[in-house]
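Text of coords-v8.cif (mmCIF, C-alpha atoms) as supplied:
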```cif
data_run
#
loop_
_atom_site.group_PDB
_atom_site.id
_atom_site.type_symbol
_atom_site.label_atom_id
_atom_site.label_comp_id
_atom_site.auth_asym_id
_atom_site.auth_seq_id
_atom_site.Cartn_x
_atom_site.Cartn_y
_atom_site.Cartn_z
ATOM 1 C CA MET A 1 -85.470 -123.870 -86.412
ATOM 2 C CA THR A 2 -87.286 -125.972 -83.897
ATOM 3 C CA ASP A 3 -86.611 -129.154 -82.006
ATOM 4 C CA GLU A 4 -89.404 -131.059 -83.795
ATOM 5 C CA LEU A 5 -88.175 -134.270 -85.395
ATOM 6 C CA LYS A 6 -90.870 -134.135 -88.064
ATOM 7 C CA ARG A 7 -89.044 -131.138 -89.585
ATOM 8 C CA LEU A 8 -85.804 -133.114 -90.021
ATOM 9 C CA PRO A 9 -86.564 -134.305 -93.593
ATOM 10 C CA GLN A 10 -87.178 -130.699 -94.631
ATOM 11 C CA ALA A 11 -83.864 -129.635 -93.079
ATOM 12 C CA ILE A 12 -82.040 -132.419 -94.932
ATOM 13 C CA GLU A 13 -83.682 -131.356 -98.212
ATOM 14 C CA ILE A 14 -82.601 -127.737 -97.669
ATOM 15 C CA ALA A 15 -79.068 -128.924 -96.899
ATOM 16 C CA HIS A 16 -78.917 -130.928 -100.149
ATOM 17 C CA ARG A 17 -80.205 -127.984 -102.195
ATOM 18 C CA THR A 18 -77.708 -125.693 -100.484
ATOM 19 C CA ARG A 19 -74.815 -128.036 -101.243
ATOM 20 C CA ASN A 20 -75.841 -128.273 -104.903
ATOM 21 C CA ILE A 21 -76.028 -124.500 -105.240
ATOM 22 C CA VAL A 22 -72.642 -124.088 -103.555
ATOM 23 C CA TRP A 23 -71.066 -126.502 -106.049
ATOM 24 C CA GLN A 24 -72.743 -124.639 -108.911
ATOM 25 C CA ASN A 25 -71.289 -121.366 -107.657
ATOM 26 C CA ILE A 26 -67.811 -122.847 -107.257
ATOM 27 C CA GLY A 27 -67.854 -124.425 -110.715
ATOM 28 C CA PHE A 28 -69.141 -121.286 -112.403
ATOM 29 C CA ALA A 29 -66.624 -119.044 -110.610
ATOM 30 C CA LEU A 30 -63.668 -121.289 -111.417
ATOM 31 C CA GLY A 31 -64.804 -121.611 -115.018
ATOM 32 C CA VAL A 32 -65.087 -117.871 -115.599
ATOM 33 C CA LYS A 33 -61.817 -117.175 -113.794
ATOM 34 C CA GLY A 34 -60.068 -119.865 -115.830
ATOM 35 C CA ILE A 35 -61.399 -118.425 -119.074
ATOM 36 C CA PHE A 36 -60.229 -114.938 -118.150
ATOM 37 C CA LEU A 37 -56.875 -116.299 -117.030
ATOM 38 C CA ILE A 38 -56.357 -117.876 -120.450
ATOM 39 C CA ILE A 39 -57.648 -114.807 -122.291
ATOM 40 C CA GLY A 40 -55.386 -112.614 -120.157
ATOM 41 C CA VAL A 41 -52.316 -114.732 -120.853
ATOM 42 C CA LEU A 42 -53.065 -114.494 -124.564
ATOM 43 C CA GLY A 43 -53.224 -110.709 -124.242
ATOM 44 C CA MET A 44 -56.851 -110.456 -125.296
ATOM 45 C CA ALA A 45 -58.216 -109.179 -121.970
ATOM 46 C CA THR A 46 -57.171 -106.240 -119.847
ATOM 47 C CA MET A 47 -56.841 -106.220 -116.097
ATOM 48 C CA TRP A 48 -60.058 -104.194 -115.799
ATOM 49 C CA GLU A 49 -62.033 -106.736 -117.787
ATOM 50 C CA ALA A 50 -60.756 -109.467 -115.481
ATOM 51 C CA VAL A 51 -61.693 -107.402 -112.411
ATOM 52 C CA PHE A 52 -65.203 -106.772 -113.742
ATOM 53 C CA ALA A 53 -65.567 -110.466 -114.579
ATOM 54 C CA ASP A 54 -64.495 -111.371 -111.040
ATOM 55 C CA VAL A 55 -66.968 -108.947 -109.470
ATOM 56 C CA GLY A 56 -69.672 -110.137 -111.854
ATOM 57 C CA VAL A 57 -69.087 -113.750 -110.889
ATOM 58 C CA ALA A 58 -69.334 -112.823 -107.216
ATOM 59 C CA LEU A 59 -72.632 -111.017 -107.794
ATOM 60 C CA LEU A 60 -74.027 -113.910 -109.822
ATOM 61 C CA ALA A 61 -73.010 -116.347 -107.076
ATOM 62 C CA ILE A 62 -74.856 -114.228 -104.514
ATOM 63 C CA LEU A 63 -77.952 -114.035 -106.698
ATOM 64 C CA ASN A 64 -77.788 -117.786 -107.359
ATOM 65 C CA SER A 65 -77.538 -118.419 -103.617
ATOM 66 C CA THR A 66 -80.756 -116.518 -102.952
ATOM 67 C CA ARG A 67 -82.594 -119.417 -104.616
ATOM 68 C CA ILE A 68 -82.241 -121.246 -101.308
ATOM 69 C CA LEU A 69 -84.724 -118.837 -99.754
ATOM 70 C CA ARG A 70 -87.557 -120.079 -101.971
#
```
Output the file's structure in the form of structure tokens.
Amino acid sequence: MTDELKRLPQAIEIAHRTRNIVWQNIGFALGVKGIFLIIGVLGMATMWEAVFADVGVALLAILNSTRILR
């Protein structure tokens, strides 16, 4: 972070990449949670499987977010 205007395009590019990764994380998390909600309602998944899926989605979102650091 500096006050140099020549770095502004790079900051905008990082912001766009960050926004795309955030939307990926949101979509993936909602998708997995929706699947486990349906499977749970049908009686095919236990509460523990849903908990592990939720924790797994959170970990995958964190790992996906580390791509911003590259």
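If you look at atom CA of A:Val32 and atom CA of A:Asp54, they are 8.0 Å away from each other.
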Provide the atom CA of A:Ser65 to atom CA of A:Gln24 distance in Å, to one decimal place. 9.5 Å
Counting all atoms listed in the file, the residue among A:Trp23, A:Arg17, A:Ala61, A:Ala53 that lies closest to A:Gly40 is A:Ala53
Pick from A:Thr18, A:Gln10, A:Thr2, A:Asn25: nearest to A:Ile62, with only C-alpha atoms counted?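 Of A:Thr18, A:Gln10, A:Thr2, A:Asn25, the one nearest A:Ile62 is A:Asn25, counting only C-alpha atoms.
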Could you check how far atom CA of A:Asn20 sits from atom CA of A:Leu69, in Å to one decimal?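 Between atom CA of A:Asn20 and atom CA of A:Leu69 the gap is 13.9 Å.
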Select, from A:Val51, A:Ile35, A:Val22, A:Leu42, the residue with the minimum atom-to-atom distance to A:Leu63, counting only C-alpha atoms.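 The closest residue to A:Leu63 is A:Val22.
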